[in-house]
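Right, one structure below, let's go through it.
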Amino acid sequence: MKAPINYAAYPDESGHFGPYGGKFVPETLMPALEELEEAYLKARSDKDFMAELAYLQRTFVGRPTPITYAQRLTEHLGGAQIYLKREDLAHTGAHKINNALGQALLMKRKMGKTRIVAETGAGQHGVATATVAALLGIECVVYMGTVDMERQQPNVFRMRLLGTEVRGVESGSKTLKDAINEAIRDWVTNVRDTHYLLGSVLGPHPYPAMVRDFQSIIGHEAVYQMREGEDGPQRLPDVIIACVGGGSNAIGIFHPFLNFENVRLIGVEAGGHGIEGGEHAARFADPKMGRLGVLQGTKSYVLQDDDGQIAATHSISAGLDYASVGPEHAWLRDQGRTEYTYCTDDQALKGFKLLCETEGIIPALESSHAIAHVMELAPKLPKDQIILVNLSGRGDKDLGTVMKVF
Amino acid sequence: MTGLERIRATFEQLKQEKRAAFMPYHAMGYPSRPITLEVISALAEVGADLFEIGIPHSDPLADGPTVQTATYTALTKGTSLADCLAMVRELRASGVKQPFCAMSYYNPLFRYGVERFVQDAVSAGVDGLIVPDLPPEESEDIEAACRAAGLATIYLLAPTSTESRIRMVAQHATGFIYLVSVTGITGARTELPSDLKDFVQRVRKHTNLPLAIGFGISTGSQAAAVAQIAEGVIVGSALVKAAGSEDGVAAVRALGAELAAGSHGLTRV
Ligand SMILES: Cc1ncc(COP(=O)(O)O)c(C=O)c1O
C-alpha cells in the first residue's frame, strides 16, 4: 500500500508542489516575495491577527456562508442528493472576498505598505479588493482587460463607487492574463510601497499557498456543516464539484477534504467553444496546447503554442478565461487525488438557467460550469450519494452576457 | 574559446583601454527580419561591444511599452526562437564578432528544451544567456547546461536586492552582472536615479565581476555618466524606438554612435 501523502507539507520551503510552483519573477520582486512570506508566516501564528480576521469574516463578510439542500434540482436530475455551498451569499457576491480581506489585513497590520494593486477578470476579485480597501482605508488600483470591462460593466462601476481606480488594459488579448501583466508591471515599479493583491492560487510563491489558506475557510466550514451542522446530511459528501479558473474557490473547498480519501474532488474547467477548435481555457483537457510551462511567476499547465508563446483563451465566463492553472491543482492531479473535467459555454448556460428555475438562485457563469457538471454526473449516481457544489458566486454581474443569449 | 571566455576577453580588453562597454539590446525580428540584421550590423560598426538579442515572448512582464510593442510586432511576423538563432548565425557569417547574449523569458526556452536550446545557441554563435524571470533559485537546469557548454549565465540585480540576495546572485553569475538601474520595467527615462552609485557600491562589495547598468538609458550623456561608475552601458528601448522609426537603420546608427561615444569617451573613475 502507498504511504499516505502529507498534503499539509506542500508547498516545500522553496514554494514547490513537486515539479510545479516556484518563483519565476524579475529580481526586483524577489525581496518583496521574501518579505510577504515572512509577514504571512508571522500573521498565521499571531492570535490577534487571526482574531481580527475572524471578526471581519463574521461581521463584514457574513461568514459562515450556509449550505443549501437543492431539493428541486435534486428531484429534477433524479440521482444524487445535491448540496450547495453558498459563497454567492458572501459580501460582494463571491468567494473572492475571503482572500482579498486576508491579504489586505495582512498588508495593513504586518507590512509597511500603503497601496494595493490587483488584477481582475470577472470583476469579482476587483470588487472584493476595492471593498476591503475602502473598509481598511487603503489606496487601490485595479487593472482590468478592456474586453472584460465590456462584459462585466456593473463591476467596473462598483469598483469606482468604492473609490478604486480602474485602469483598462489594452495589450494582448485584453483579458485576465494581460491585466495580471500590467498589475505586475505596476508592482515592479512601485514595490517599495505597494502590495500586489493577487486574486487566485496563481503567481509566485507564497501566493498559491497563502491564497489557498485564506480560501480554505470554505472547506473548513463545509466539513463541519456537512458532518455536524443542523442543516447538513450529518455526513461528508461523496463528491465535491467546483469550477476552476486559477483554482482558488476549488482549492478552498478541496483542501480541508484532502485527507478524507473517500471524497471525490472534481474541478471543472472552461471548455469554451469545445476543445478541438482550441477556443477554450481547459488547461488539463487539451494535451496539444496544455503543457507544462511558466506563466506569471509559477510553473504549471499552460495553454501555449509550440514556441512557448501563451495561447489566446476563450470562455463565456471572464473568471475562468485564463491560460494557466494553480500549481497545486496540477500536483494534486498527478497524485490522483483530484480530477478535472470541463464543460462548454453552452453547457454552462444550461446550468445557469436550470439553477435559476429550480432553486431561485442566479449563479455566476463561472459557478454555472460546476452546475453543468452536476447535470451530467448526478443522474448517474444512486440517490443515497451526496454531491456538494461550491457555488462560488452570484450571477448579477453576468446579466449583460446572459441577456444576449436568452 | 567558449562564449564565457569571449565575454571575459571583451571586458578585459575594455578595461585595458579604460573604457566601458556599449551594450545595445535589440528586439529580434523588429520591425522586420532584414532590418534587424541591418540594425545590428550598423551598431557593430559604430562601436557596440556586446549585443543583447531579445527573443520575443507573448507576455513580457518586465518590459515597458516600447519593448512590448516591438516584441509583439516581431511575434506577429512569426519570429520564433529558432528564427532568432538563425539570425545570430547569419550575423556571425556576415562578420559580426561581438559577443551575443540571448535575452529571453523562461517559457520559450523551457518549451524549446533547455539543453537543446543551449546547444543550438552555442552553435549559432551565442555567448551568454539572460533570463529576466528566472532567479538563481529556479535556474539549476539552465546553469548546468550553460556551464557544460561554456555559455555565460548572466543574472540581474535590482535596487531592491538585499545584501544576502546580492551575495547569492554574485555566486551564480558568470561573465557580468546586469544591474537594473531603477525599481521598474524597461523604458527610456529622462533622468538616471540618484542612488545609482550607492547601488553599484553595494554590489561591488560582493563581486569582482564586471557590472553593466541598464533600464532607462537613452542619451550619450547618460551613457557617459553610467560609464563612470560601471563596466557596461546597456541601452534597449531608446534604440528599439529608433529602429522602428521611418529611416530606422540610419536613426539607430546615429543614436548608436552617440551612445558609443558616451560609453567610451570617459575614463572610468
Ligand atoms: C464567481 C467566481 N467563481 C470562480 C472564479 C474563478 O476563480 P478561481 O478559480 O480562482 O476560483 C471567479 C473569478 O473571477 C469568480 O468570480
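Labels used: A, B, ... for chains in the order of the C-alpha cells, numbers from 1 for residues in each chain, and numbers from 1 for ligands as shown.
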
Q | Polymer residues at most 8 Å from B:Gly216, only C-alpha atoms, same-chain spacing of 4 or more positions, as a count of residues only | A | 11

(Q) Residues of chain B within 8 Å of chain A, counting only C-alpha atoms, what are they? List them as a ChimeraX atom specification. (A) /B:57-64,80-81,106-112,132-135,137-138,156-162,183-185

Q. With distances taken over only C-alpha atoms, which of B:Glu115, B:Asp198, B:Glu231, B:Asp141 is nearest to B:Arg19?
A.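 For B:Arg19, the nearest of the given residues is B:Glu231.
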
**Q.** Exercise: A:Ile386 partners within 7 Å, only C-alpha atoms, chain neighbours under 4 positions left out, as a list in words
**A.**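 The filter keeps Ala80, Gln81, Ile82, Pro237, Asp238 and Val239 of chain A.
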
Q.
Going by DSSP on the backbone, which residues of stretch 145-281 of chain A come out as helix (DSSP H, G or I)? List them as an MDAnalysis selection string.
A. chainID A and resid 146:151 153:161 176:190 207:215 217:227 248:257

**Q.** Within 10 Å of stretch 207-216 of chain A using only C-alpha atoms, minus same-chain residues under 5 positions, as a PyMOL selection string
**A.** chain A and resi 10-11+15-17+21-23+33+36-37+40-41+44+53+95-103+196-202+221-222+246-257+297-298+326-328

Within-6 Å residues of ligand 1, basis only C-alpha atoms and all ligand atoms, as an mmCIF file with N, CA and C atoms, in the first residue's frame:
data_model
loop_
_atom_site.group_PDB
_atom_site.id
_atom_site.type_symbol
_atom_site.label_atom_id
_atom_site.label_comp_id
_atom_site.auth_asym_id
_atom_site.auth_seq_id
_atom_site.Cartn_x
_atom_site.Cartn_y
_atom_site.Cartn_z
ATOM 1 N N ALA A 94 -19.187 36.747 -4.006
ATOM 2 C CA ALA A 94 -18.326 35.634 -4.437
ATOM 3 C C ALA A 94 -17.303 35.323 -3.353
ATOM 4 N N GLY A 121 -10.606 39.684 -13.571
ATOM 5 C CA GLY A 121 -11.143 39.162 -14.815
ATOM 6 C C GLY A 121 -12.639 39.412 -14.831
ATOM 7 N N ALA A 122 -13.363 38.623 -14.029
ATOM 8 C CA ALA A 122 -14.805 38.804 -13.932
ATOM 9 C C ALA A 122 -15.169 40.104 -13.218
ATOM 10 N N GLN A 124 -15.044 40.239 -10.000
ATOM 11 C CA GLN A 124 -15.381 39.876 -8.621
ATOM 12 C C GLN A 124 -14.202 40.085 -7.686
ATOM 13 N N HIS A 125 -13.017 39.698 -8.134
ATOM 14 C CA HIS A 125 -11.845 39.931 -7.295
ATOM 15 C C HIS A 125 -11.571 41.432 -7.175
ATOM 16 N N SER A 200 -5.972 34.764 -7.127
ATOM 17 C CA SER A 200 -6.222 33.329 -7.184
ATOM 18 C C SER A 200 -4.969 32.575 -6.745
ATOM 19 N N VAL A 244 -12.938 25.769 -11.954
ATOM 20 C CA VAL A 244 -11.517 26.087 -11.805
ATOM 21 C C VAL A 244 -11.090 27.117 -12.847
ATOM 22 N N GLY A 245 -10.857 28.341 -12.360
ATOM 23 C CA GLY A 245 -10.218 29.350 -13.205
ATOM 24 C C GLY A 245 -8.737 29.267 -12.859
ATOM 25 N N GLY A 246 -8.290 30.156 -11.967
ATOM 26 C CA GLY A 246 -6.968 29.959 -11.375
ATOM 27 C C GLY A 246 -7.014 28.796 -10.401
ATOM 28 N N GLY A 247 -8.179 28.634 -9.782
ATOM 29 C CA GLY A 247 -8.380 27.491 -8.908
ATOM 30 C C GLY A 247 -8.559 27.807 -7.438
ATOM 31 N N SER A 248 -8.907 29.057 -7.100
ATOM 32 C CA SER A 248 -8.936 29.398 -5.675
ATOM 33 C C SER A 248 -10.201 28.929 -4.972
ATOM 34 N N ASN A 249 -11.361 29.017 -5.633
ATOM 35 C CA ASN A 249 -12.556 28.533 -4.925
ATOM 36 C C ASN A 249 -12.498 27.017 -4.817
ATOM 37 N N ALA A 250 -11.932 26.377 -5.861
ATOM 38 C CA ALA A 250 -11.826 24.916 -5.839
ATOM 39 C C ALA A 250 -10.866 24.457 -4.745
ATOM 40 N N GLY A 319 -14.068 34.974 -15.488
ATOM 41 C CA GLY A 319 -13.279 34.486 -14.358
ATOM 42 C C GLY A 319 -12.589 33.156 -14.608
ATOM 43 N N LEU A 320 -12.975 32.458 -15.668
ATOM 44 C CA LEU A 320 -12.318 31.183 -15.988
ATOM 45 C C LEU A 320 -11.422 31.303 -17.214
ATOM 46 N N ALA A 364 -23.224 32.762 -10.783
ATOM 47 C CA ALA A 364 -22.219 33.336 -11.685
ATOM 48 C C ALA A 364 -21.986 32.357 -12.833
ATOM 49 N N GLU A 366 -19.205 31.499 -13.940
ATOM 50 C CA GLU A 366 -18.120 30.609 -13.510
ATOM 51 C C GLU A 366 -18.718 29.402 -12.786
ATOM 52 N N SER A 367 -19.524 29.701 -11.760
ATOM 53 C CA SER A 367 -20.119 28.631 -10.952
ATOM 54 C C SER A 367 -21.056 27.757 -11.786
ATOM 55 N N SER A 392 -19.567 29.347 -6.255
ATOM 56 C CA SER A 392 -18.539 30.348 -5.937
ATOM 57 C C SER A 392 -19.035 31.784 -5.998
ATOM 58 N N GLY A 393 -20.105 32.048 -6.779
ATOM 59 C CA GLY A 393 -20.545 33.437 -6.845
ATOM 60 C C GLY A 393 -21.924 33.585 -7.446
#

Q.
What's around A:Leu354 at 10 Å? Count only C-alpha atoms, leave out sequence neighbours fewer than 2 positions away in its own chain, and write the answer as a PyMOL selection string.
A. chain A and resi 73+76+348-352+356-363+368+371-372+375

Store the residues picked out above in a file with all heavy atoms, as a short mmCIF file (atom, residue, chain, number, x, y, z; two decimals), in the first residue's frame.
data_model
loop_
_atom_site.label_atom_id
_atom_site.label_comp_id
_atom_site.auth_asym_id
_atom_site.auth_seq_id
_atom_site.Cartn_x
_atom_site.Cartn_y
_atom_site.Cartn_z
N LEU A 73 -33.61 20.82 -7.59
CA LEU A 73 -32.57 20.43 -8.56
C LEU A 73 -32.29 18.93 -8.43
O LEU A 73 -32.17 18.22 -9.44
CB LEU A 73 -31.28 21.23 -8.30
CG LEU A 73 -30.10 20.91 -9.23
CD1 LEU A 73 -30.42 21.29 -10.68
CD2 LEU A 73 -28.83 21.64 -8.77
N HIS A 76 -35.15 17.08 -9.97
CA HIS A 76 -35.12 17.25 -11.42
C HIS A 76 -34.11 16.30 -12.07
O HIS A 76 -34.37 15.71 -13.11
CB HIS A 76 -34.79 18.70 -11.77
CG HIS A 76 -34.67 18.96 -13.23
ND1 HIS A 76 -35.75 19.26 -14.02
CD2 HIS A 76 -33.60 18.93 -14.06
CE1 HIS A 76 -35.35 19.42 -15.27
NE2 HIS A 76 -34.06 19.23 -15.32
N ALA A 348 -22.62 25.45 -19.77
CA ALA A 348 -22.65 26.34 -18.61
C ALA A 348 -23.93 27.17 -18.61
O ALA A 348 -24.55 27.39 -17.56
CB ALA A 348 -21.41 27.26 -18.62
N LEU A 349 -24.34 27.63 -19.80
CA LEU A 349 -25.57 28.42 -19.88
C LEU A 349 -26.78 27.58 -19.47
O LEU A 349 -27.71 28.09 -18.81
CB LEU A 349 -25.75 28.97 -21.30
CG LEU A 349 -24.83 30.15 -21.63
CD1 LEU A 349 -24.80 30.41 -23.13
CD2 LEU A 349 -25.26 31.41 -20.88
N LYS A 350 -26.76 26.29 -19.84
CA LYS A 350 -27.86 25.42 -19.42
C LYS A 350 -27.87 25.25 -17.91
O LYS A 350 -28.93 25.26 -17.27
CB LYS A 350 -27.74 24.05 -20.11
CG LYS A 350 -28.03 24.10 -21.59
CD LYS A 350 -28.35 22.70 -22.14
CE LYS A 350 -28.61 22.77 -23.63
NZ LYS A 350 -27.38 22.54 -24.45
N GLY A 351 -26.67 25.13 -17.33
CA GLY A 351 -26.57 25.02 -15.88
C GLY A 351 -27.07 26.28 -15.20
O GLY A 351 -27.78 26.24 -14.18
N PHE A 352 -26.72 27.40 -15.77
CA PHE A 352 -27.15 28.71 -15.27
C PHE A 352 -28.68 28.76 -15.18
O PHE A 352 -29.26 29.07 -14.14
CB PHE A 352 -26.61 29.78 -16.22
CG PHE A 352 -27.01 31.19 -15.89
CD1 PHE A 352 -26.20 31.99 -15.10
CD2 PHE A 352 -28.20 31.74 -16.40
CE1 PHE A 352 -26.56 33.30 -14.80
CE2 PHE A 352 -28.56 33.05 -16.10
CZ PHE A 352 -27.74 33.83 -15.30
N CYS A 356 -31.36 28.74 -11.86
CA CYS A 356 -32.32 29.84 -11.70
C CYS A 356 -33.73 29.27 -11.49
O CYS A 356 -34.45 29.66 -10.57
CB CYS A 356 -32.35 30.73 -12.95
SG CYS A 356 -30.88 31.73 -13.17
N GLU A 357 -34.12 28.34 -12.36
CA GLU A 357 -35.51 27.89 -12.40
C GLU A 357 -35.85 26.90 -11.31
O GLU A 357 -36.99 26.86 -10.83
CB GLU A 357 -35.81 27.30 -13.78
CG GLU A 357 -35.87 28.39 -14.84
CD GLU A 357 -35.92 27.84 -16.26
OE1 GLU A 357 -35.88 26.61 -16.44
OE2 GLU A 357 -36.00 28.68 -17.19
N THR A 358 -34.86 26.07 -10.91
CA THR A 358 -35.20 25.06 -9.91
C THR A 358 -34.94 25.52 -8.48
O THR A 358 -35.57 25.04 -7.55
CB THR A 358 -34.41 23.75 -10.12
OG1 THR A 358 -33.01 24.05 -10.12
CG2 THR A 358 -34.79 23.08 -11.42
N GLU A 359 -34.00 26.45 -8.30
CA GLU A 359 -33.62 26.79 -6.93
C GLU A 359 -33.80 28.26 -6.57
O GLU A 359 -33.57 28.67 -5.43
CB GLU A 359 -32.17 26.39 -6.67
CG GLU A 359 -31.94 24.88 -6.69
CD GLU A 359 -32.70 24.13 -5.59
OE1 GLU A 359 -32.96 24.73 -4.53
OE2 GLU A 359 -33.05 22.96 -5.82
N GLY A 360 -34.16 29.08 -7.56
CA GLY A 360 -34.28 30.51 -7.25
C GLY A 360 -32.94 31.14 -6.93
O GLY A 360 -32.85 32.06 -6.12
N ILE A 361 -31.90 30.64 -7.55
CA ILE A 361 -30.55 31.19 -7.35
C ILE A 361 -29.97 31.51 -8.72
O ILE A 361 -29.91 30.63 -9.59
CB ILE A 361 -29.63 30.18 -6.64
CG1 ILE A 361 -30.13 29.88 -5.23
CG2 ILE A 361 -28.19 30.71 -6.58
CD1 ILE A 361 -29.42 28.71 -4.56
N ILE A 362 -29.54 32.76 -8.91
CA ILE A 362 -28.88 33.13 -10.16
C ILE A 362 -27.38 33.00 -9.94
O ILE A 362 -26.78 33.80 -9.23
CB ILE A 362 -29.24 34.59 -10.56
CG1 ILE A 362 -30.75 34.71 -10.74
CG2 ILE A 362 -28.50 34.97 -11.85
CD1 ILE A 362 -31.22 36.14 -11.04
N PRO A 363 -26.76 31.97 -10.53
CA PRO A 363 -25.33 31.73 -10.27
C PRO A 363 -24.44 32.54 -11.20
O PRO A 363 -24.86 32.92 -12.29
CB PRO A 363 -25.17 30.24 -10.56
CG PRO A 363 -26.16 29.98 -11.66
CD PRO A 363 -27.31 30.93 -11.44
N SER A 368 -21.63 28.33 -12.83
CA SER A 368 -22.54 27.57 -13.69
C SER A 368 -21.81 26.41 -14.36
O SER A 368 -22.45 25.42 -14.74
CB SER A 368 -23.12 28.48 -14.79
OG SER A 368 -23.83 29.54 -14.18
N ILE A 371 -22.23 23.64 -11.97
CA ILE A 371 -23.61 23.14 -12.05
C ILE A 371 -23.78 22.26 -13.30
O ILE A 371 -24.41 21.21 -13.27
CB ILE A 371 -24.63 24.31 -12.12
CG1 ILE A 371 -24.50 25.20 -10.88
CG2 ILE A 371 -26.05 23.79 -12.29
CD1 ILE A 371 -24.86 24.54 -9.58
N ALA A 372 -23.19 22.70 -14.41
CA ALA A 372 -23.30 21.92 -15.65
C ALA A 372 -22.74 20.51 -15.45
O ALA A 372 -23.28 19.54 -15.96
CB ALA A 372 -22.57 22.63 -16.78
N MET A 375 -25.17 18.39 -13.61
CA MET A 375 -26.23 17.90 -14.50
C MET A 375 -25.82 16.61 -15.18
O MET A 375 -26.64 15.74 -15.46
CB MET A 375 -26.57 18.96 -15.56
CG MET A 375 -27.31 20.16 -14.99
SD MET A 375 -27.39 21.54 -16.17
CE MET A 375 -28.50 20.88 -17.41
#

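If only C-alpha atoms are the atoms counted, then among B:Gln228, B:Thr66, B:Ser139, B:Thr73 the closest residue to B:His172 is B:Ser139.
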
(Q) If you run DSSP on the backbone here, which positions in stretch 21-243 of chain B get strand (DSSP E or B)? Please write them as a ChimeraX atom specification. (A) /B:21-27,51-54,100-103,128-130,152-154,156-157,177-180,211-214,232-235

Q) Which is closest to B:Val203 among B:Met168, B:Ile55, B:Val233, B:Val88, if we use only C-alpha atoms? A)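 Answer, going by the shortest atom-to-atom distance: B:Met168.
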
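If only C-alpha atoms are the atoms counted, then among A:His329, A:Arg227, A:His273, A:Lys174 the closest residue to A:Tyr143 is A:Lys174.
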
Q) Using only C-alpha atoms, which residues sit within 7 Å of B:His26 once same-chain residues fewer than 6 positions away are excluded, as number ranges by chain? A) B: 52-54, 236, 240

Those selected residues, please, written with C-alpha atoms and delivered as an mmCIF file, in the first residue's frame.
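After the write, again-v3.cif holds the following:
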data_model
loop_
_atom_site.group_PDB
_atom_site.id
_atom_site.type_symbol
_atom_site.label_atom_id
_atom_site.label_comp_id
_atom_site.auth_asym_id
_atom_site.auth_seq_id
_atom_site.Cartn_x
_atom_site.Cartn_y
_atom_site.Cartn_z
ATOM 1 C CA GLU B 52 21.677 41.592 -26.234
ATOM 2 C CA ILE B 53 19.484 39.573 -28.518
ATOM 3 C CA GLY B 54 15.883 39.967 -27.374
ATOM 4 C CA GLY B 236 17.337 48.983 -25.104
ATOM 5 C CA VAL B 240 14.364 49.947 -30.349
#

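Distances to A:His195 were evaluated for A:Ala104, A:Ile275, A:Ala51, A:Val389 using only C-alpha atoms, and the minimum falls at A:Ala104.
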
Q | Spatial neighbours of A:Gly163, max dist 8 Å, only C-alpha atoms, sep filter under 3 positions, as a list in words | A |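 That gives Ala130, Ala134, Cys140, Met159 and Arg160 of chain A.
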
Q. Between A:Lys397, A:Lys288, A:Lys404, A:Arg109, which is the closest to A:Asp148 once you count only C-alpha atoms?
A.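 Of the candidates, the smallest distance to A:Asp148 is held by A:Lys397.
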
**Q.** Between atom CA of B:Cys84 and atom CA of B:Ala21, distance in Å (one decimal)
**A.**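 Taking atom CA of B:Cys84 as the start and atom CA of B:Ala21 as the end point, the length is 23.2 Å.
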
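Atom pair atom CA of A:Ala39 / atom CA of A:Lys113: separated by 11.7 Å.
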